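Reviewing the structure listed below.
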Amino acid sequence: MYKSIVVGTNGTDKDLAVVGHAAELAKISGATLHIAHGFKPVTSIAAGIADSAPGAASIDFEALDEAIEAENETAIASARAIASEAGVPVTEHSLGGEPADVLMELARDLSADLIVVGNHGMHTKKRFFQGSVANRVVHHAACSVLVVDVETHG
């Protein structure tokens, strides 16, 4: 059925429910589960703007990088525990970029058979302005996509 499944997580309970679905699919099909955590990196341009703004407070970029790294490890560790419980082989990926782009690029690079995402119930203006990761992945992925209804199953 599937040989390679990509699932994203940010470590929230709803995302971990999605990881659980992906892990069960991986177990049933004998697939490798690729757990991805996408994050928005602090770019040197943003750092330069922040440092050059008149009267701007100094930003401790080292502390910010450490906080991002800790968040990455926490999100991945929680997802890894779920996959381990299901007994599936796991590969972990922590990648900078927009979450939808990270998932699609990783799936493309791995020639993955499936991307598993959750619908996070964005029914407000937030969905209009930010878009939905699930919506972007469904419309632009080069492989099959499973959308888990986290409102019902999360």
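Chain lettering (A, B, ...) mirrors the order of the structure tokens, residue numbering begins at 1 for each chain separately, and ligand numbering begins at 1 in order of display.
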
*Extract, using only C-alpha atoms, all DNA, RNA and protein residues at most 8 Å from range 7-10 of chain A, discarding same-chain residues fewer than 6 positions from it, and format them as a list in words.*
Leu16, Val18, Val19, Ala22, Leu33, His34, Ile35, Ala36, His37, Gly38, Asn72, Ala75, Ile76, Ala79, Pro99, Leu103, Ile115, Val116 and Val117 of chain A

*Nearest-residue call for Glu105 in chain A, choices A:Lys40, A:His93, A:His21, A:Lys27, using only C-alpha atoms*: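 For Glu105 in chain A, the nearest of the candidates is A:His93.
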